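Asker: What follows is upload.tsv; its format and atoms are TSV, C-alpha atoms.
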```tsv
chain	number	residue	atom	x	y	z
A	1199	MET	CA	8.63	18.91	9.51
A	1200	LEU	CA	7.20	20.01	6.17
A	1201	GLY	CA	10.33	18.85	4.36
A	1202	LEU	CA	10.15	15.49	6.11
A	1203	LEU	CA	6.51	15.12	5.09
A	1204	VAL	CA	7.27	15.97	1.45
A	1205	ARG	CA	10.14	13.47	1.31
A	1206	ARG	CA	7.96	10.69	2.73
A	1207	LEU	CA	5.18	11.46	0.24
A	1208	LEU	CA	7.60	11.32	-2.70
A	1209	VAL	CA	8.99	7.98	-1.52
A	1210	SER	CA	5.44	6.62	-1.24
A	1211	ILE	CA	4.62	7.20	-4.93
A	1212	PRO	CA	6.73	4.33	-6.39
A	1213	LEU	CA	5.74	2.15	-3.44
A	1214	LEU	CA	2.07	2.75	-4.22
A	1215	LEU	CA	2.65	1.74	-7.85
A	1216	VAL	CA	4.23	-1.53	-6.69
A	1217	VAL	CA	1.31	-2.10	-4.33
A	1218	SER	CA	-1.19	-1.48	-7.15
A	1219	PHE	CA	0.57	-4.04	-9.35
A	1220	LEU	CA	0.52	-6.63	-6.55
A	1221	VAL	CA	-3.12	-5.91	-5.77
A	1222	PHE	CA	-4.18	-6.41	-9.38
A	1223	GLY	CA	-1.92	-9.41	-9.93
A	1224	LEU	CA	-2.94	-11.33	-6.83
A	1225	ILE	CA	-6.64	-10.80	-7.47
A	1226	VAL	CA	-6.30	-11.99	-11.07
A	1227	LEU	CA	-4.56	-15.15	-9.84
A	1228	VAL	CA	-7.47	-16.05	-7.52
A	1229	PRO	CA	-9.13	-19.30	-8.70
A	1230	GLY	CA	-12.52	-18.93	-10.33
A	1231	ASP	CA	-13.87	-17.13	-13.35
A	1232	PRO	CA	-16.34	-14.27	-12.75
A	1233	ALA	CA	-17.53	-14.63	-16.35
A	1234	VAL	CA	-19.03	-18.03	-15.51
A	1235	ALA	CA	-21.06	-16.54	-12.65
A	1236	LEU	CA	-22.17	-13.56	-14.73
A	1237	ALA	CA	-23.26	-15.73	-17.66
A	1238	GLY	CA	-26.14	-17.17	-15.61
A	1239	GLN	CA	-27.15	-20.72	-14.77
A	1240	ASN	CA	-25.92	-23.47	-17.07
A	1241	PRO	CA	-24.22	-21.13	-19.56
A	1242	ASP	CA	-22.84	-22.44	-22.80
A	1243	PRO	CA	-19.20	-21.69	-23.75
A	1244	ALA	CA	-20.24	-19.00	-26.21
A	1245	GLN	CA	-22.04	-17.03	-23.50
A	1246	VAL	CA	-19.06	-17.29	-21.15
A	1247	GLU	CA	-16.70	-16.20	-23.92
A	1248	ALA	CA	-18.92	-13.21	-24.74
A	1249	VAL	CA	-18.84	-12.09	-21.10
A	1250	ARG	CA	-15.05	-12.51	-20.92
A	1251	GLU	CA	-14.66	-10.43	-24.06
A	1252	ARG	CA	-16.96	-7.71	-22.70
A	1253	LEU	CA	-15.00	-7.52	-19.44
A	1254	GLY	CA	-11.62	-7.56	-21.17
A	1255	LEU	CA	-10.59	-10.78	-19.44
A	1256	ASN	CA	-9.12	-12.16	-22.67
A	1257	ASP	CA	-6.56	-9.37	-22.89
A	1258	PRO	CA	-2.96	-10.06	-21.78
A	1259	PHE	CA	-2.27	-9.49	-18.10
A	1260	LEU	CA	-0.20	-6.33	-18.59
A	1261	VAL	CA	-2.87	-4.85	-20.85
A	1262	GLN	CA	-5.52	-5.54	-18.23
A	1263	TYR	CA	-3.32	-3.98	-15.54
A	1264	TRP	CA	-2.60	-0.88	-17.61
A	1265	ASN	CA	-6.27	-0.37	-18.41
A	1266	TRP	CA	-7.17	-0.75	-14.74
A	1267	LEU	CA	-4.35	1.53	-13.54
A	1268	SER	CA	-5.27	4.20	-16.10
A	1269	SER	CA	-8.84	4.18	-14.82
A	1270	VAL	CA	-7.67	4.34	-11.20
A	1271	LEU	CA	-5.44	7.35	-11.95
A	1272	HIS	CA	-8.52	9.05	-13.38
A	1273	GLY	CA	-10.49	8.31	-10.21
A	1274	ASP	CA	-12.40	5.31	-11.58
A	1275	LEU	CA	-12.08	2.07	-9.60
A	1276	GLY	CA	-14.46	0.26	-11.92
A	1277	THR	CA	-17.94	-1.13	-11.52
A	1278	SER	CA	-19.19	-4.08	-9.49
A	1279	LEU	CA	-19.73	-7.11	-11.69
A	1280	PHE	CA	-22.92	-8.10	-9.89
A	1281	THR	CA	-24.60	-4.91	-8.60
A	1282	SER	CA	-23.58	-2.53	-11.44
A	1283	GLN	CA	-22.72	0.00	-8.72
A	1284	THR	CA	-19.47	1.88	-9.09
A	1285	VAL	CA	-16.78	0.66	-6.72
A	1286	TRP	CA	-16.17	4.20	-5.47
A	1287	THR	CA	-19.84	4.55	-4.54
A	1288	ALA	CA	-19.83	1.22	-2.71
A	1289	ILE	CA	-16.65	2.09	-0.80
A	1290	LEU	CA	-17.67	5.64	0.08
A	1291	SER	CA	-21.05	4.47	1.38
A	1292	ARG	CA	-19.31	2.09	3.81
A	1293	LEU	CA	-16.12	4.00	4.59
A	1294	PRO	CA	-17.61	6.18	7.41
A	1295	ALA	CA	-18.59	3.04	9.33
A	1296	THR	CA	-15.11	1.52	9.02
A	1297	LEU	CA	-13.35	4.79	9.89
A	1298	SER	CA	-15.59	5.23	12.94
A	1299	LEU	CA	-14.74	1.72	14.09
A	1300	ALA	CA	-11.01	2.07	13.39
A	1301	PHE	CA	-10.59	5.49	15.05
A	1302	LEU	CA	-12.50	4.49	18.17
A	1303	ALA	CA	-10.55	1.24	18.44
A	1304	LEU	CA	-7.22	3.05	17.98
A	1305	GLY	CA	-8.22	5.65	20.55
A	1306	LEU	CA	-9.11	2.97	23.08
A	1307	ALA	CA	-5.88	1.10	22.34
A	1308	ILE	CA	-3.71	4.19	22.81
A	1309	VAL	CA	-5.36	5.35	26.02
A	1310	LEU	CA	-5.53	1.91	27.61
A	1311	GLY	CA	-2.08	0.84	26.44
A	1312	VAL	CA	-0.25	4.03	27.46
A	1313	VAL	CA	-1.99	4.28	30.85
A	1314	VAL	CA	-1.42	0.64	31.80
A	1315	GLY	CA	2.12	0.65	30.41
A	1316	SER	CA	2.99	3.87	32.23
A	1317	ILE	CA	1.70	2.55	35.55
A	1318	ALA	CA	3.73	-0.63	35.13
A	1319	GLY	CA	6.82	1.20	33.88
A	1320	LEU	CA	6.84	3.64	36.81
A	1321	ARG	CA	6.49	0.82	39.35
A	1322	PRO	CA	8.66	-2.04	38.02
A	1323	GLY	CA	8.64	-5.18	40.11
A	1324	THR	CA	5.45	-4.30	42.01
A	1325	TRP	CA	2.19	-6.23	41.93
A	1326	LEU	CA	0.80	-3.58	39.55
A	1327	ASP	CA	3.65	-4.29	37.14
A	1328	ARG	CA	3.10	-8.05	37.32
A	1329	LEU	CA	-0.65	-7.67	36.88
A	1330	ALA	CA	-0.19	-5.41	33.85
A	1331	THR	CA	2.37	-7.80	32.33
A	1332	VAL	CA	0.08	-10.82	32.72
A	1333	GLY	CA	-2.90	-8.87	31.36
A	1334	ALA	CA	-0.90	-7.68	28.35
A	1335	SER	CA	0.30	-11.22	27.61
A	1336	VAL	CA	-3.27	-12.51	27.67
A	1337	GLY	CA	-4.42	-9.61	25.47
A	1338	VAL	CA	-1.78	-10.39	22.85
A	1339	ALA	CA	-2.60	-14.10	22.81
A	1340	VAL	CA	-6.40	-13.86	22.51
A	1341	PRO	CA	-7.68	-13.44	18.91
A	1342	TYR	CA	-10.08	-10.70	17.81
A	1343	PHE	CA	-13.00	-12.96	16.98
A	1344	TRP	CA	-12.92	-14.79	20.32
A	1345	VAL	CA	-12.97	-11.51	22.24
A	1346	GLY	CA	-15.81	-10.32	20.04
A	1347	MET	CA	-17.90	-13.44	20.69
A	1348	ILE	CA	-17.35	-13.20	24.45
A	1349	LEU	CA	-18.38	-9.53	24.43
A	1350	VAL	CA	-21.53	-10.33	22.47
A	1351	LEU	CA	-22.37	-13.16	24.87
A	1352	LEU	CA	-21.85	-11.03	27.98
A	1353	PHE	CA	-23.18	-7.63	26.94
A	1354	ALA	CA	-25.71	-8.36	24.20
A	1355	LEU	CA	-27.21	-11.80	24.88
A	1356	GLN	CA	-26.99	-12.53	28.60
A	1357	ASN	CA	-27.19	-8.85	29.56
A	1358	PRO	CA	-28.79	-6.85	26.72
A	1359	LEU	CA	-26.93	-3.62	27.39
A	1360	LEU	CA	-25.49	-2.98	23.94
A	1361	PRO	CA	-26.51	-3.95	20.38
A	1362	ALA	CA	-24.64	-6.88	18.90
A	1363	VAL	CA	-25.06	-6.09	15.21
A	1364	GLY	CA	-25.60	-3.19	12.85
A	1365	TYR	CA	-24.50	0.42	12.60
A	1366	VAL	CA	-26.19	3.81	12.95
A	1367	PRO	CA	-24.60	6.88	11.27
A	1368	LEU	CA	-23.31	9.58	13.60
A	1369	ALA	CA	-25.46	12.28	12.00
A	1370	GLU	CA	-28.59	10.20	12.49
A	1371	ASP	CA	-28.23	9.41	16.20
A	1372	PRO	CA	-24.90	10.06	18.04
A	1373	LEU	CA	-25.85	7.93	21.05
A	1374	ALA	CA	-26.93	4.95	18.95
A	1375	TRP	CA	-23.78	5.41	16.84
A	1376	LEU	CA	-21.61	5.05	19.94
A	1377	GLN	CA	-23.62	2.13	21.32
A	1378	HIS	CA	-23.20	0.15	18.09
A	1379	LEU	CA	-19.44	0.83	18.08
A	1380	ILE	CA	-18.53	-0.05	21.66
A	1381	LEU	CA	-18.46	-3.85	21.34
A	1382	PRO	CA	-16.66	-4.17	17.97
A	1383	ALA	CA	-14.22	-1.35	18.82
A	1384	THR	CA	-13.38	-2.97	22.17
A	1385	ALA	CA	-12.81	-6.33	20.49
A	1386	LEU	CA	-10.45	-4.68	18.00
A	1387	ALA	CA	-8.66	-2.55	20.59
A	1388	LEU	CA	-7.64	-5.12	23.21
A	1389	ALA	CA	-4.78	-6.76	21.30
A	1390	PRO	CA	-3.18	-3.46	20.13
A	1391	ALA	CA	-3.63	-2.04	23.64
A	1392	ALA	CA	-1.78	-5.02	25.10
A	1393	VAL	CA	1.15	-4.60	22.67
A	1394	ILE	CA	1.31	-0.84	23.29
A	1395	ALA	CA	1.20	-1.43	27.05
A	1396	ARG	CA	4.12	-3.86	26.91
A	1397	GLN	CA	6.21	-1.51	24.78
A	1398	THR	CA	5.35	1.52	26.93
A	1399	ARG	CA	6.28	-0.36	30.07
A	1400	ALA	CA	9.64	-1.52	28.67
A	1401	SER	CA	10.55	1.87	27.17
A	1402	LEU	CA	9.48	3.96	30.16
A	1403	SER	CA	11.22	1.76	32.73
A	1404	THR	CA	14.45	2.10	30.72
A	1405	VAL	CA	14.15	5.87	30.39
A	1406	MET	CA	13.40	6.33	34.10
A	1407	SER	CA	16.83	4.89	34.93
A	1408	GLU	CA	18.67	7.40	32.72
A	1409	ASP	CA	20.93	10.06	34.25
A	1410	TYR	CA	18.94	13.05	32.97
A	1411	VAL	CA	15.79	11.75	34.69
A	1412	ARG	CA	17.64	11.39	37.99
A	1413	THR	CA	19.08	14.88	37.51
A	1414	ALA	CA	15.62	16.34	36.89
A	1415	THR	CA	14.35	14.61	40.03
A	1416	ALA	CA	17.31	15.88	42.05
A	1417	LYS	CA	16.54	19.44	40.94
A	1418	GLY	CA	13.22	19.17	42.74
A	1419	LEU	CA	10.91	18.83	39.75
A	1420	SER	CA	7.58	17.22	40.53
A	1421	PRO	CA	7.13	13.57	39.47
A	1422	VAL	CA	4.36	14.62	37.06
A	1423	ARG	CA	6.69	17.08	35.32
A	1424	VAL	CA	9.60	14.65	35.25
A	1425	VAL	CA	7.48	11.96	33.64
A	1426	GLY	CA	5.41	14.22	31.39
A	1427	LYS	CA	8.13	16.54	30.11
A	1428	HIS	CA	11.22	14.34	30.11
A	1429	ALA	CA	10.49	10.62	30.38
A	1430	LEU	CA	7.39	10.08	28.24
A	1431	LYS	CA	8.60	12.06	25.23
A	1432	ASN	CA	11.90	10.19	25.13
A	1433	ALA	CA	10.15	6.86	25.65
A	1434	ALA	CA	7.65	7.58	22.88
A	1435	LEU	CA	9.66	6.56	19.77
A	1436	PRO	CA	9.41	2.77	20.29
A	1437	VAL	CA	5.77	3.17	21.31
A	1438	VAL	CA	4.99	5.14	18.14
A	1439	THR	CA	6.64	2.41	16.05
A	1440	VAL	CA	4.51	-0.26	17.69
A	1441	PHE	CA	1.42	1.92	17.28
A	1442	GLY	CA	2.01	2.16	13.53
A	1443	ILE	CA	2.37	-1.61	13.22
A	1444	GLU	CA	-0.73	-2.28	15.30
A	1445	ALA	CA	-2.77	0.32	13.41
A	1446	ASN	CA	-1.97	-1.46	10.15
A	1447	ARG	CA	-2.90	-4.83	11.67
A	1448	LEU	CA	-6.12	-3.34	12.97
A	1449	ILE	CA	-7.19	-2.38	9.44
A	1450	GLY	CA	-6.94	-6.04	8.48
A	1451	GLY	CA	-8.78	-7.06	11.64
A	1452	THR	CA	-11.82	-5.05	10.64
A	1453	VAL	CA	-12.68	-7.72	8.04
A	1454	VAL	CA	-13.22	-10.33	10.76
A	1455	ILE	CA	-14.89	-8.01	13.24
A	1456	GLU	CA	-17.27	-6.51	10.67
A	1457	GLN	CA	-18.43	-9.97	9.69
A	1458	LEU	CA	-18.90	-11.00	13.31
A	1459	PHE	CA	-20.95	-7.91	14.22
A	1460	ALA	CA	-22.74	-7.59	10.84
A	1461	PHE	CA	-21.07	-4.20	10.56
A	1462	PRO	CA	-21.59	-2.55	7.13
A	1463	GLY	CA	-18.03	-1.41	6.51
A	1464	ILE	CA	-15.50	-1.92	3.75
A	1465	GLY	CA	-14.20	-5.06	5.46
A	1466	GLN	CA	-17.58	-6.70	5.02
A	1467	LEU	CA	-17.67	-5.38	1.45
A	1468	ALA	CA	-14.32	-7.06	0.72
A	1469	TYR	CA	-15.51	-10.31	2.28
A	1470	GLN	CA	-18.63	-10.34	0.12
A	1471	GLY	CA	-16.59	-9.44	-2.96
A	1472	VAL	CA	-14.18	-12.34	-2.43
A	1473	PHE	CA	-16.92	-14.95	-2.10
A	1474	SER	CA	-18.85	-13.63	-5.10
A	1475	ARG	CA	-15.63	-13.20	-7.13
A	1476	ASP	CA	-16.46	-9.55	-7.67
A	1477	PHE	CA	-12.88	-8.67	-8.61
A	1478	PRO	CA	-13.30	-4.90	-9.17
A	1479	VAL	CA	-14.77	-4.50	-5.68
A	1480	VAL	CA	-12.00	-6.54	-4.05
A	1481	GLN	CA	-9.30	-4.67	-5.96
A	1482	GLY	CA	-10.81	-1.31	-5.02
A	1483	VAL	CA	-11.13	-2.17	-1.33
A	1484	VAL	CA	-7.61	-3.60	-1.09
A	1485	LEU	CA	-6.17	-0.57	-2.88
A	1486	VAL	CA	-7.97	1.83	-0.53
A	1487	ALA	CA	-6.75	-0.19	2.46
A	1488	ALA	CA	-3.19	-0.05	1.08
A	1489	VAL	CA	-3.43	3.74	0.77
A	1490	MET	CA	-4.64	3.92	4.38
A	1491	VAL	CA	-1.65	1.84	5.51
A	1492	LEU	CA	0.74	4.12	3.60
A	1493	LEU	CA	-0.84	7.20	5.19
A	1494	ILE	CA	-0.45	5.68	8.65
A	1495	ASN	CA	3.21	4.93	7.95
A	1496	ILE	CA	3.76	8.50	6.77
A	1497	LEU	CA	2.15	9.89	9.92
A	1498	VAL	CA	4.36	7.62	12.03
A	1499	ASP	CA	7.47	8.81	10.17
A	1500	VAL	CA	6.47	12.44	10.63
A	1501	SER	CA	5.82	11.89	14.33
A	1502	TYR	CA	9.41	10.63	14.64
A	1503	GLY	CA	10.51	14.09	13.59
A	1504	TYR	CA	8.49	15.60	16.43
A	1505	PHE	CA	9.82	13.29	19.13
A	1506	ASN	CA	13.40	13.32	17.81
A	1507	PRO	CA	14.35	16.51	15.87
A	1508	ARG	CA	17.50	14.85	14.48
A	1509	ILE	CA	15.31	12.64	12.27
A	1510	ARG	CA	14.00	15.72	10.42
A	1511	GLN	CA	17.40	16.06	8.74
A	1512	SER	CA	17.56	12.43	7.57
```
Rewrite the coordinates I just gave you, this time as structure tokens.
Answerer:
Amino acid sequence: MLGLLVRRLLVSIPLLLVVSFLVFGLIVLVPGDPAVALAGQNPDPAQVEAVRERLGLNDPFLVQYWNWLSSVLHGDLGTSLFTSQTVWTAILSRLPATLSLAFLALGLAIVLGVVVGSIAGLRPGTWLDRLATVGASVGVAVPYFWVGMILVLLFALQNPLLPAVGYVPLAEDPLAWLQHLILPATALALAPAAVIARQTRASLSTVMSEDYVRTATAKGLSPVRVVGKHALKNAALPVVTVFGIEANRLIGGTVVIEQLFAFPGIGQLAYQGVFSRDFPVVQGVVLVAAVMVLLINILVDVSYGYFNPRIRQS
């Protein structure tokens, strides 16, 4: 397992360099000139040119990229063009909120998806299976923001049971922390849970028809042991693959959900940076998100080695 982890980390290094180049290049190509906004109201061309020179925007693209990458490798993501706050400080101040939201949403998605998918997969063709299939199809089709608005309407406006906006740090008040996370985490979790449920159902129903499962049942093993020890582990590989894909999509979904719930995370920070053309902030947030995606992919690859030992040698 350690060797598999090391190999995946080494492969990720050139991939991360490519990602950094794309992140910097795409942001630079965004229409709009931050120097115009920084120069104040009704600036003359000389003022705009002075700001561009100070920010290094007149340098060739590759020079700008190299300067930025050198700073990143030294732990410096730059400084916000409008708040003069370092990008690292801005990200670190909001990262706990986003991680809290993402982990709770992923936890809900895994539990709900695996439980519903297992029930449907163990009883194919029954009304439970049909109900789970219809529910999963609806969950996949409904977008994050619509679910979020319905949850706010039902549980915050019509029935004021949970707060609709804001965030409270865990260390400050654990109960308030959980209350502020329930609605946005649920809105984020439903679509991944539906996809995981569909994959779990399909994979488990296939595994349950295999010869070794019938042999284990014929030996007199209890249904719980047959499913827990033999069926679920062998059905887990496709589910883990889907989980990795949905976890990466969920990171992108936090931008929409954080705006909807006025949640002070890095998704909201990226949104504000795009509209204010605060390029260092946007580049820093996107780069951190890309690193998170790479880490998720590495964890998924390593988990393959646990569920299928033959992969450890590949």
Asker: When distances are computed from all atoms listed in the file, which of A:Leu1368, A:Leu1329, A:Val1312, A:Val1491 shows the smallest separation from Asn1446 (chain A)?
Answerer: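 Selected residue with least distance to Asn1446 (chain A): A:Val1491.
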Asker: Extract, using only C-alpha atoms, all DNA, RNA and protein residues at most 12 Å from Ala1330 (chain A), discarding same-chain residues fewer than 5 positions from it, and format them as a list in words.
Answerer: Leu1310, Gly1311, Val1312, Val1313, Val1314, Gly1315, Ser1316, Ile1317, Ala1318, Gly1319, Leu1320, Arg1321, Pro1322, Gly1323, Thr1324, Trp1325, Ser1335, Val1336, Gly1337, Ala1391, Ala1392, Val1393, Ile1394, Ala1395, Arg1396, Gln1397, Thr1398, Arg1399 and Ala1400 of chain A
Asker: Provide the CA of Tyr1263 (chain A) to CA of Phe1222 (chain A) distance in Å, to one decimal place.
Answerer: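 These two atoms are separated by 6.7 Å.
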Asker: Restricting the calculation to all atoms listed in the file: of A:Ile1464, A:Val1498, A:Leu1297, A:Leu1208, which residue gets closest to Phe1441 (chain A)?
Answerer: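 Smallest distance to Phe1441 (chain A) is found for A:Val1498.
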Asker: Counting only C-alpha atoms, which of A:Leu1215, A:Asn1256, A:Asn1432, A:Thr1415 gets nearest to Val1270 (chain A)?
Answerer: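 Of A:Leu1215, A:Asn1256, A:Asn1432, A:Thr1415, the one nearest Val1270 (chain A) is A:Leu1215, counting only C-alpha atoms.
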Asker: Which residues, written as a PyMOL selection string, have at least one atom at most 12 Å from Trp1266 (chain A), with only C-alpha atoms counted and residues fewer than 3 positions away on the same chain left out?
Answerer: chain A and resi 1218-1219+1221-1223+1226+1253-1255+1257+1259-1263+1269-1277+1477-1478+1481-1482+1485
Asker: Between A:Ala1248, A:Tyr1502, A:Gln1470, A:Leu1493, which has the minimum distance to Thr1281 (chain A) (counting only C-alpha atoms)?
Answerer: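 Selected residue with least distance to Thr1281 (chain A): A:Gln1470.
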Asker: Could you pull the residues within 6 Å of region 1378-1385 of chain A, counting all atoms listed in the file, minus those fewer than 4 positions along the same chain, as number ranges by chain?
Answerer: A: 1299, 1303, 1342, 1345-1346, 1361, 1365
Asker: Compare A:Leu1352, A:Leu1279, A:Leu1293, A:Val1486 by their minimum atom-to-atom distance to Arg1250 (chain A), counting all atoms listed in the file, and give me the closest one.
Answerer: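 That would be A:Leu1279, the residue with the smallest distance to Arg1250 (chain A).
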